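As provided, input00.txt (compact mmCIF, C-alpha atoms (C1' of nucleotides)) reads as follows.
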# COMPACT_ATOMS: atom_id res chain seq x y z
CA MET A 1295 -110.43 91.85 37.51
CA SER A 1296 -106.91 90.54 37.37
CA ARG A 1297 -105.39 92.10 40.50
CA ALA A 1298 -101.91 91.39 39.26
CA GLY A 1299 -99.18 92.71 41.48
CA ALA A 1300 -101.20 92.64 44.64
CA ILE A 1301 -99.82 89.23 45.39
CA LYS A 1302 -96.25 90.00 46.29
CA PRO A 1303 -96.00 92.53 49.10
CA GLU A 1304 -92.34 92.02 49.89
CA SER A 1305 -90.82 92.77 46.51
CA ASP A 1306 -89.73 96.19 45.32
CA HIS A 1307 -88.49 97.87 48.52
CA ILE A 1308 -91.68 99.12 50.07
CA LEU A 1309 -91.41 101.93 52.61
CA ASP A 1310 -93.86 101.95 55.47
CA ARG A 1311 -92.57 104.88 57.47
CA PRO A 1312 -94.43 108.18 56.93
CA MET A 1313 -92.52 110.93 55.20
CA GLY A 1314 -92.06 113.09 58.28
CA ASP A 1315 -90.05 116.19 58.93
CA THR A 1316 -87.02 114.69 57.31
CA ASP A 1317 -84.65 117.06 55.58
CA GLY A 1318 -86.20 119.91 57.52
CA ILE A 1319 -89.19 119.98 55.19
CA ASP A 1320 -92.40 121.25 56.71
CA PHE A 1321 -94.98 119.00 55.13
CA GLU A 1322 -97.71 120.29 57.37
CA ILE A 1323 -97.77 123.75 55.88
CA ILE A 1324 -97.50 122.34 52.37
CA GLU A 1325 -100.70 120.43 53.03
CA LEU A 1326 -102.33 123.39 54.73
CA LEU A 1327 -101.79 125.39 51.58
CA PHE A 1328 -103.20 122.64 49.42
CA PHE A 1329 -106.38 122.23 51.47
CA ALA A 1330 -106.80 125.94 52.10
CA TYR A 1331 -106.67 126.77 48.42
CA ARG A 1332 -108.90 123.89 47.46
CA ASP A 1333 -111.63 125.06 49.81
CA PHE A 1334 -111.02 128.72 49.00
CA ILE A 1335 -111.77 127.94 45.37
CA SER A 1336 -114.77 125.76 46.11
CA ASP A 1337 -116.96 128.70 47.14
CA PRO A 1338 -117.01 130.48 43.78
CA ASP A 1339 -117.02 127.12 42.02
CA ALA A 1340 -120.43 126.38 43.48
CA ILE A 1341 -121.79 129.68 42.17
CA LEU A 1342 -120.21 129.21 38.78
CA ASP A 1343 -121.83 125.82 38.36
CA THR A 1344 -125.16 127.65 38.37
CA SER A 1345 -124.09 130.13 35.70
CA GLY A 1346 -122.55 127.51 33.46
CA PHE A 1347 -119.14 129.11 33.78
CA GLY A 1348 -115.92 127.71 35.20
CA ARG A 1349 -112.82 128.82 37.05
CA ALA A 1350 -111.31 130.23 33.91
CA HIS A 1351 -114.23 132.62 33.58
CA HIS A 1352 -113.90 133.55 37.22
CA ARG A 1353 -110.32 134.69 36.79
CA VAL A 1354 -111.09 136.72 33.71
CA VAL A 1355 -114.09 138.43 35.26
CA HIS A 1356 -112.13 139.15 38.40
CA PHE A 1357 -109.16 140.83 36.80
CA VAL A 1358 -111.20 142.77 34.27
CA ASN A 1359 -113.22 144.16 37.15
CA ARG A 1360 -110.13 144.92 39.14
CA GLU A 1361 -108.56 146.80 36.29
CA PRO A 1362 -111.12 147.97 33.77
CA GLY A 1363 -109.61 148.83 30.43
CA LEU A 1364 -106.77 146.40 30.63
CA THR A 1365 -105.57 145.00 27.34
CA VAL A 1366 -105.77 141.41 26.23
CA ALA A 1367 -101.97 141.19 26.39
CA ALA A 1368 -101.94 142.41 29.99
CA LEU A 1369 -104.60 139.90 30.93
CA LEU A 1370 -102.67 137.09 29.30
CA ASP A 1371 -99.62 138.14 31.24
CA THR A 1372 -101.51 138.11 34.52
CA LEU A 1373 -103.14 134.77 33.94
CA LYS A 1374 -100.09 133.18 32.34
CA ILE A 1375 -102.11 131.28 29.79
CA THR A 1376 -102.13 131.33 26.00
CA LYS A 1377 -104.36 133.57 23.96
CA GLN A 1378 -106.10 130.53 22.46
CA SER A 1379 -106.98 129.42 25.92
CA LEU A 1380 -108.22 132.85 26.90
CA ALA A 1381 -110.14 133.31 23.66
CA ARG A 1382 -112.68 130.61 24.49
CA VAL A 1383 -113.75 131.92 27.86
CA LEU A 1384 -113.45 135.56 26.90
CA LYS A 1385 -115.73 135.07 23.91
CA GLN A 1386 -118.34 133.46 26.11
CA LEU A 1387 -118.15 136.28 28.62
CA ILE A 1388 -118.49 138.89 25.91
CA ASP A 1389 -121.34 137.10 24.17
CA SER A 1390 -123.16 136.73 27.48
CA GLY A 1391 -122.77 140.43 28.23
CA TYR A 1392 -120.43 140.24 31.20
CA ILE A 1393 -117.50 141.93 29.52
CA ALA A 1394 -117.28 144.52 26.76
CA GLN A 1395 -114.45 145.34 24.38
CA VAL A 1396 -113.45 148.82 23.32
CA ALA A 1397 -110.79 149.69 20.77
CA GLY A 1398 -107.83 151.36 22.45
CA PRO A 1399 -108.01 155.16 22.29
CA GLU A 1400 -104.35 155.55 21.33
CA ASP A 1401 -103.54 152.20 19.80
CA ARG A 1402 -106.62 151.04 17.99
CA ARG A 1403 -105.27 147.52 17.57
CA GLN A 1404 -105.87 146.95 21.24
CA ARG A 1405 -109.12 145.59 22.58
CA ARG A 1406 -109.46 147.02 26.05
CA LEU A 1407 -111.67 145.02 28.34
CA PHE A 1408 -114.35 146.49 30.58
CA PRO A 1409 -116.93 144.91 32.85
CA THR A 1410 -120.60 145.56 32.27
CA GLU A 1411 -122.84 146.03 35.26
CA ARG A 1412 -123.70 142.41 34.97
CA GLY A 1413 -120.00 141.50 34.96
CA ARG A 1414 -119.40 143.64 38.03
CA GLU A 1415 -122.19 141.92 39.88
CA LEU A 1416 -120.81 138.51 39.03
CA ALA A 1417 -117.32 139.46 40.16
CA LEU A 1418 -118.69 140.73 43.45
CA ALA A 1419 -120.85 137.68 43.97
CA LEU A 1420 -117.82 135.46 43.45
CA ALA A 1421 -115.56 137.51 45.72
CA ARG A 1422 -118.03 137.74 48.57
CA PRO A 1423 -117.84 134.16 49.91
CA GLN A 1424 -114.09 134.15 49.51
CA SER A 1425 -113.87 137.35 51.47
CA CYS A 1426 -116.04 135.86 54.19
CA ARG A 1427 -113.86 132.80 54.40
CA ILE A 1428 -110.79 134.97 54.72
CA ALA A 1429 -112.38 137.21 57.33
CA ASN A 1430 -113.32 134.11 59.25
CA ALA A 1431 -109.80 132.71 59.11
CA MET A 1432 -108.40 136.10 60.16
CA GLU A 1433 -110.77 136.43 63.06
CA GLY A 1434 -108.53 135.22 65.84
CA LEU A 1435 -105.49 137.09 64.56
CA GLY A 1436 -104.37 140.49 65.73
CA GLU A 1437 -103.32 143.32 63.45
CA ASP A 1438 -99.76 142.05 63.39
CA GLY A 1439 -100.94 138.53 62.62
CA ARG A 1440 -102.81 139.80 59.57
CA THR A 1441 -99.77 141.69 58.47
CA ALA A 1442 -97.73 138.51 58.82
CA VAL A 1443 -100.19 136.58 56.65
CA LYS A 1444 -100.04 139.16 53.91
CA ALA A 1445 -96.28 139.33 54.08
CA PHE A 1446 -96.09 135.57 53.87
CA LEU A 1447 -98.38 135.32 50.86
CA SER A 1448 -96.55 138.13 49.18
CA GLY A 1449 -93.26 136.37 49.80
CA MET A 1450 -94.59 133.23 48.15
CA ILE A 1451 -95.07 135.06 44.86
CA ASN A 1452 -92.40 135.18 42.17
CA PRO A 1453 -90.74 138.61 42.02
CA ALA A 1454 -91.82 139.16 38.42
CA THR A 1455 -95.47 138.85 39.38
CA ARG A 1456 -95.13 140.56 42.73
CA GLY A 1457 -94.73 143.98 41.13
CA ALA A 1458 -97.48 143.41 38.58
CA ALA A 1459 -99.99 145.61 40.38
CA ASP A 1460 -97.59 148.51 40.22
CA ASP A 1461 -97.13 148.04 36.49
CA ARG A 1462 -100.68 149.24 36.15
CA GLU A 1463 -99.44 152.69 37.10
CA ASP A 1464 -95.95 153.11 35.75
CA THR A 1465 -94.77 150.80 33.04
CA ILE A 1466 -91.10 150.03 32.90
CA GLU A 1467 -90.64 146.72 31.16
CA GLY A 1468 -92.74 145.35 28.32
CA HIS A 1469 -96.46 145.58 27.69
CA LYS A 1470 -96.80 149.31 27.87
CA GLN A 1471 -100.41 150.15 27.40
CA MET B 296 -111.53 138.97 11.27
CA SER B 297 -114.88 140.57 11.85
CA ARG B 298 -114.25 142.58 15.05
CA ALA B 299 -117.93 143.09 15.55
CA GLY B 300 -118.81 144.83 18.76
CA ALA B 301 -115.60 146.74 19.07
CA ILE B 302 -117.22 149.65 17.30
CA LYS B 303 -119.64 150.91 19.90
CA PRO B 304 -117.95 151.72 23.18
CA GLU B 305 -120.82 153.61 24.76
CA SER B 306 -123.50 150.96 24.59
CA ASP B 307 -124.15 148.36 27.28
CA HIS B 308 -123.34 150.25 30.49
CA ILE B 309 -119.61 149.88 30.64
CA LEU B 310 -117.95 150.39 34.00
CA ASP B 311 -114.52 151.97 34.05
CA ARG B 312 -113.95 152.23 37.77
CA PRO B 313 -111.82 149.51 39.32
CA MET B 314 -113.56 147.15 41.69
CA GLY B 315 -111.99 148.51 44.87
CA ASP B 316 -112.63 147.81 48.51
CA THR B 317 -116.34 148.14 48.06
CA ASP B 318 -118.55 146.10 50.34
CA GLY B 319 -115.65 145.62 52.68
CA ILE B 320 -114.16 142.98 50.41
CA ASP B 321 -110.40 142.64 50.58
CA PHE B 322 -109.52 141.96 46.97
CA GLU B 323 -105.83 142.30 47.65
CA ILE B 324 -105.59 139.18 49.76
CA ILE B 325 -107.80 137.25 47.35
CA GLU B 326 -105.27 137.99 44.64
CA LEU B 327 -102.34 137.27 46.92
CA LEU B 328 -103.74 133.81 47.49
CA PHE B 329 -104.23 133.27 43.78
CA PHE B 330 -100.71 134.29 42.83
CA ALA B 331 -99.11 132.60 45.82
CA TYR B 332 -100.70 129.29 45.05
CA ARG B 333 -100.00 129.55 41.35
CA ASP B 334 -96.29 130.06 41.96
CA PHE B 335 -96.24 127.54 44.80
CA ILE B 336 -97.48 124.91 42.37
CA SER B 337 -95.17 125.95 39.56
CA ASP B 338 -92.07 124.56 41.30
CA PRO B 339 -93.11 120.91 41.32
CA ASP B 340 -94.79 121.37 37.96
CA ALA B 341 -91.43 122.07 36.39
CA ILE B 342 -90.00 118.85 37.83
CA LEU B 343 -93.02 116.82 36.83
CA ASP B 344 -92.74 117.97 33.24
CA THR B 345 -89.43 116.13 33.13
CA SER B 346 -90.89 112.89 34.50
CA GLY B 347 -93.92 112.98 32.25
CA PHE B 348 -96.23 113.24 35.24
CA GLY B 349 -98.69 115.94 36.22
CA ARG B 350 -100.18 117.57 39.28
CA ALA B 351 -102.53 114.67 39.83
CA HIS B 352 -99.57 112.33 40.20
CA HIS B 353 -97.94 114.80 42.55
CA ARG B 354 -100.85 114.71 44.95
CA VAL B 355 -101.07 110.96 44.96
CA VAL B 356 -97.35 110.48 45.52
CA HIS B 357 -97.41 113.08 48.25
CA PHE B 358 -100.20 111.62 50.32
CA VAL B 359 -99.08 108.04 49.88
CA ASN B 360 -95.69 109.05 51.18
CA ARG B 361 -97.20 110.98 54.02
CA GLU B 362 -99.31 108.08 55.10
CA PRO B 363 -97.95 104.78 53.81
CA GLY B 364 -100.52 102.02 53.84
CA LEU B 365 -103.51 104.24 53.33
CA THR B 366 -106.40 102.69 51.48
CA VAL B 367 -107.73 103.73 48.11
CA ALA B 368 -110.92 104.91 49.78
CA ALA B 369 -108.99 107.13 52.19
CA LEU B 370 -106.98 108.60 49.34
CA LEU B 371 -110.13 109.32 47.37
CA ASP B 372 -111.56 111.05 50.40
CA THR B 373 -108.48 113.20 50.82
CA LEU B 374 -108.26 114.19 47.18
CA LYS B 375 -112.00 114.56 46.72
CA ILE B 376 -111.95 113.07 43.25
CA THR B 377 -113.64 110.04 41.76
CA LYS B 378 -112.06 106.62 41.70
CA GLN B 379 -112.06 106.66 37.89
CA SER B 380 -110.04 109.83 37.96
CA LEU B 381 -107.63 108.41 40.49
CA ALA B 382 -107.35 105.09 38.66
CA ARG B 383 -105.55 106.60 35.68
CA VAL B 384 -102.77 108.30 37.56
CA LEU B 385 -102.48 105.60 40.20
CA LYS B 386 -102.03 102.94 37.54
CA GLN B 387 -99.26 104.93 35.94
CA LEU B 388 -97.50 105.41 39.25
CA ILE B 389 -97.75 101.72 40.06
CA ASP B 390 -96.61 100.63 36.62
CA SER B 391 -93.66 103.00 36.82
CA GLY B 392 -92.65 101.64 40.20
CA TYR B 393 -93.32 104.69 42.34
CA ILE B 394 -96.11 103.15 44.36
CA ALA B 395 -96.86 99.57 45.39
CA GLN B 396 -100.11 97.94 46.41
CA VAL B 397 -100.47 95.43 49.19
CA ALA B 398 -103.63 93.57 50.12
CA GLY B 399 -104.93 94.69 53.49
CA PRO B 400 -103.78 92.43 56.33
CA GLU B 401 -107.17 92.37 58.00
CA ASP B 402 -109.50 93.18 55.15
CA ARG B 403 -108.02 91.62 52.07
CA ARG B 404 -110.33 93.52 49.74
CA GLN B 405 -108.33 96.64 50.46
CA ARG B 406 -105.39 97.70 48.38
CA ARG B 407 -103.14 99.58 50.73
CA LEU B 408 -100.74 101.96 49.04
CA PHE B 409 -97.06 102.27 49.85
CA PRO B 410 -94.28 104.31 48.31
CA THR B 411 -91.27 102.56 46.88
CA GLU B 412 -87.87 104.12 47.40
CA ARG B 413 -88.26 105.67 44.03
CA GLY B 414 -91.62 107.08 45.05
CA ARG B 415 -90.17 108.48 48.25
CA GLU B 416 -87.43 110.20 46.34
CA LEU B 417 -89.91 111.76 43.95
CA ALA B 418 -92.09 113.02 46.78
CA LEU B 419 -89.10 114.56 48.48
CA ALA B 420 -87.84 116.12 45.28
CA LEU B 421 -91.24 117.71 44.73
CA ALA B 422 -91.58 118.94 48.31
CA ARG B 423 -88.12 120.44 48.50
CA PRO B 424 -88.61 123.53 46.30
CA GLN B 425 -91.98 124.16 47.88
CA SER B 426 -90.42 124.00 51.31
CA CYS B 427 -87.72 126.42 50.22
CA ARG B 428 -90.29 128.83 48.91
CA ILE B 429 -92.18 128.67 52.16
CA ALA B 430 -89.04 129.09 54.26
CA ASN B 431 -88.17 132.07 52.15
CA ALA B 432 -91.57 133.66 52.62
CA MET B 433 -91.40 132.97 56.36
CA GLU B 434 -87.95 134.47 56.70
CA GLY B 435 -88.91 137.88 57.92
CA LEU B 436 -91.59 136.64 60.28
CA GLY B 437 -91.13 135.95 63.96
CA GLU B 438 -92.34 132.85 65.73
CA ASP B 439 -95.73 134.45 66.36
CA GLY B 440 -95.98 135.47 62.71
CA ARG B 441 -95.47 131.89 61.62
CA THR B 442 -98.07 130.75 64.07
CA ALA B 443 -100.46 133.32 62.64
CA VAL B 444 -99.86 132.04 59.11
CA LYS B 445 -100.60 128.47 60.11
CA ALA B 446 -103.67 129.50 62.04
CA PHE B 447 -104.89 131.47 59.06
CA LEU B 448 -104.39 128.63 56.60
CA SER B 449 -106.00 126.22 59.00
CA GLY B 450 -108.96 128.54 59.36
CA MET B 451 -109.39 128.62 55.59
CA ILE B 452 -110.04 124.89 55.48
CA ASN B 453 -113.50 123.38 55.76
CA PRO B 454 -114.08 121.77 59.16
CA ALA B 455 -114.68 118.34 57.62
CA THR B 456 -111.23 118.35 56.06
CA ARG B 457 -109.53 120.11 58.93
CA GLY B 458 -109.64 117.05 61.15
CA ALA B 459 -108.66 114.64 58.38
CA ALA B 460 -105.14 114.19 59.67
CA ASP B 461 -106.47 113.06 63.02
CA ASP B 462 -108.73 110.52 61.35
CA ARG B 463 -105.58 108.68 60.46
CA GLU B 464 -105.21 107.78 64.11
CA ASP B 465 -108.67 107.27 65.51
CA THR B 466 -111.47 106.62 63.12
CA ILE B 467 -114.90 107.72 64.16
CA GLU B 468 -117.00 108.20 61.06
CA GLY B 469 -116.87 106.18 57.86
CA HIS B 470 -113.88 104.70 56.07
CA LYS B 471 -112.56 102.74 58.95
CA GLN B 472 -109.42 101.04 57.80
C1' DA C 915 -126.69 82.00 50.59
C1' DA C 916 -127.54 86.69 49.85
C1' DT C 917 -125.95 91.21 50.42
C1' DT C 918 -122.76 94.73 51.10
C1' DT C 919 -118.22 96.64 50.61
C1' DA C 920 -113.65 97.79 48.38
C1' DT C 921 -111.79 98.07 44.33
C1' DG C 922 -111.13 97.90 39.32
C1' DT C 923 -112.53 98.92 34.59
C1' DC C 924 -114.88 100.40 30.22
C1' DA C 925 -116.96 104.10 27.66
C1' DA C 926 -118.23 108.64 26.92
C1' DC C 927 -117.97 113.30 27.98
C1' DA C 928 -116.49 118.37 29.74
C1' DT C 929 -113.23 121.85 30.95
C1' DA C 930 -109.22 124.12 30.40
C1' DG C 931 -104.81 124.09 29.38
C1' DC C 932 -101.31 123.48 25.19
C1' DT C 933 -98.90 123.97 20.17
C1' DG C 934 -98.77 125.35 15.44
C1' DA C 935 -100.34 127.83 11.67
C1' DC C 936 -102.42 131.53 9.59
C1' DA C 937 -105.45 136.07 9.03
C1' DT C 938 -106.31 141.02 9.72
C1' DA C 939 -105.89 145.60 11.33
C1' DT C 940 -102.96 148.89 12.85
C1' DT C 941 -98.70 151.12 14.05
C1' DC C 942 -93.92 152.10 13.46
C1' DG C 943 -89.44 152.56 11.45
C1' DA C 944 -86.31 152.97 7.55
C1' DT D 514 -94.55 155.25 1.54
C1' DC D 515 -93.69 150.62 2.10
C1' DG D 516 -92.39 146.73 4.69
C1' DA D 517 -91.90 144.91 9.24
C1' DA D 518 -93.50 144.48 13.74
C1' DT D 519 -97.39 144.31 16.89
C1' DA D 520 -102.13 143.23 18.93
C1' DT D 521 -105.51 140.40 18.37
C1' DG D 522 -108.46 136.73 16.48
C1' DT D 523 -109.26 132.07 14.79
C1' DC D 524 -108.96 127.16 13.11
C1' DA D 525 -107.54 122.52 14.10
C1' DG D 526 -105.93 119.13 17.01
C1' DC D 527 -103.76 117.41 21.18
C1' DT D 528 -103.26 116.50 26.46
C1' DA D 529 -104.40 116.37 31.36
C1' DT D 530 -107.67 115.83 34.59
C1' DG D 531 -111.95 116.01 36.14
C1' DT D 532 -117.04 114.00 35.59
C1' DT D 533 -121.17 110.20 35.25
C1' DG D 534 -122.99 105.69 34.48
C1' DA D 535 -122.68 100.90 34.17
C1' DC D 536 -120.79 96.73 35.28
C1' DA D 537 -117.23 93.03 37.27
C1' DT D 538 -114.84 90.66 41.02
C1' DA D 539 -113.23 89.30 45.45
C1' DA D 540 -113.84 89.38 50.10
C1' DA D 541 -116.43 90.38 54.23
C1' DT D 542 -120.78 90.50 56.64
C1' DT D 543 -125.32 89.21 57.88
Representation of the structure as structure tokens:
Amino acid sequence: MSRAGAIKPESDHILDRPMGDTDGIDFEIIELLFFAYRDFISDPDAILDTSGFGRAHHRVVHFVNREPGLTVAALLDTLKITKQSLARVLKQLIDSGYIAQVAGPEDRRQRRLFPTERGRELALALARPQSCRIANAMEGLGEDGRTAVKAFLSGMINPATRGAADDREDTIEGHKQ
Amino acid sequence: MSRAGAIKPESDHILDRPMGDTDGIDFEIIELLFFAYRDFISDPDAILDTSGFGRAHHRVVHFVNREPGLTVAALLDTLKITKQSLARVLKQLIDSGYIAQVAGPEDRRQRRLFPTERGRELALALARPQSCRIANAMEGLGEDGRTAVKAFLSGMINPATRGAADDREDTIEGHKQ
DNA sequence: AATTTATGTCAACATAGCTGACATATTCGA
DNA sequence: TCGAATATGTCAGCTATGTTGACATAAATT
């Protein structure tokens, strides 16, 4: 091992003061979000390890179960990934019998995605520990506290995405089903 | 293209009902967390694309700036990744002059990590848009609402991690610096 | 002096994203 | 009706970031 560079501590303008609440930046909540999400994701990850699937599969199974019959295009839009990226995990989920494709009733080019019973079970199994973790974290909060949390999370989301759930009903821009 | 399987819609027990609030699971907040974090991360991602760095670099720069002088072991513990994984990005950050290593004053085996001015600037630049997004999402909330949000996020974190920040001061278990 | 610890490094591998190019089936518009 | 646009699939290759296993070195500890 060479260890080059470890010899001269006083070159190169080293800073030894912690990056605190300078510039009015709240680093604490930035870190809270990082750790919270990391642990939030770790629950389903543990289950997925057993099944041989990954996070990518989790997301697909989740949204297909939340909105059965959604098109591939709509799913791509929700996940914000490329179709090549989706193709890999989707194929595995279909081949394993978690998701089924059906040609669109109006537009037969579409492949509408539906969960099988097996897929539904998986989605529920993955959501359950996350729901528990959330319920646990909500425990101390009152009704208004919970409302605040939801409002906060909602406010963190880009406007374009924020209305996505509504697009399932009425479709104004793009991707009409 | 073969399109096998798209032909028979009625086989395989397809479910067409959305996975709603069955089992008392709050899917809405699960999705809020997913979208919130995705967009929260997208801000620094855009900046990093310019610098040729990725999310992994972001995390390292962040925590080194938050706690200058932390050891490699402590950083590994925070990030929960392997040293081989860290080595790649850390080397790049050191070679590019964002982070400097200094041999530990007491234990000279340690390589304590410090930000350079350049590293500090990067960390701040990455934190700024995230802070803005948070401030924006907090806007409507009162003081108690903000407290609720922090309590919620804190409650989402695994106990082991939750006290990590305190370990910086007094060190009880493992990794004493 | 022997062992443990903190760190670095090499090699190989997996997952999950990306781009670019091209194929096929279907729908739509002139 | 024909050509263009659309929805989807697929091949090939690349990148980023994680993993495991094995081994090296310097310093501390016993």
* Find the residues in chain B near chain A: any atom within 6 Å counts, using only C-alpha atoms. Write them as a PyMOL selection string. => chain B and resi 301+304+308-311+313-314+320+327+331+334+360-363+396-397+410-411+426+432-433+440+443-444+447-448+450-452
* Distance in Å - CA of Leu370 (chain B) versus CA of Leu385 (chain B) -> 10.6 Å
* Residues within 10 Å of DT919 (chain C), only C-alpha atoms (C1' of nucleotides), excluding chain neighbours under 5 positions, as number ranges by chain -> B: 404-405; D: 540-542
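Closest approach to chain B from the set C:DA925, C:DA944, C:DA935, C:DA916 is made by C:DA925, with distances taken over only C-alpha atoms (C1' of nucleotides).
Relative to C1' of DT528 (chain D), CA of Ile376 (chain B) is found at 19.2 Å.
Here C1' of DC942 (chain C) and CA of Thr1365 (chain A) stand 19.5 Å from one another.
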Emit as JSON the padded axis-aligned box for all listed atoms of region 429-442 of chain B, 5 Å per side, with centre and edge lengths in Å to one decimal.
{"center_x": -93.0, "center_y": 133.3, "center_z": 59.3, "size_x": 20.1, "size_y": 19.2, "size_z": 24.2}
Enumerate, in order of chain and increasing residue number, the residues of chain C with an atom no farther than 12 Å from chain A, each with its shortest atom pair and distance in Å to one decimal, counting all atoms listed in the file, as a tab-separated table.
residue	atom	partner	partner_atom	distance
C:DT921	C1'	A:Met1295	CA	9.3
C:DG922	C1'	A:Met1295	CA	6.4
C:DT923	C1'	A:Met1295	CA	7.9
C:DA928	C1'	A:Gly1348	CA	10.8
C:DT929	C1'	A:Gly1348	CA	7.7
C:DA930	C1'	A:Ser1379	CA	7.3
C:DG931	C1'	A:Ser1379	CA	6.7
C:DC932	C1'	A:Thr1376	CA	7.9
C:DT933	C1'	A:Thr1376	CA	9.9
C:DG934	C1'	A:Gln1378	CA	11.4
C:DT938	C1'	A:Arg1403	CA	10.2
C:DA939	C1'	A:Arg1403	CA	6.6
C:DT940	C1'	A:Arg1403	CA	5.4
C:DT941	C1'	A:Asp1401	CA	7.6
C:DC942	C1'	A:Asp1401	CA	11.5
Tell me, counting all atoms listed in the file, for each residue of chain D within 8 Å of chain B, which pair of atoms is nearest and how far apart they are in Å to one decimal, in rows ordered by chain and increasing number, as a Markdown table.
| residue | atom | partner | partner_atom | distance |
| --- | --- | --- | --- | --- |
| D:DG522 | C1' | B:Met296 | CA | 6.4 |
| D:DA529 | C1' | B:Gly349 | CA | 7.5 |
| D:DT530 | C1' | B:Ser380 | CA | 7.3 |
| D:DG531 | C1' | B:Ser380 | CA | 6.7 |
| D:DA539 | C1' | B:Arg404 | CA | 6.7 |
| D:DA540 | C1' | B:Arg404 | CA | 5.4 |
| D:DA541 | C1' | B:Asp402 | CA | 7.5 |
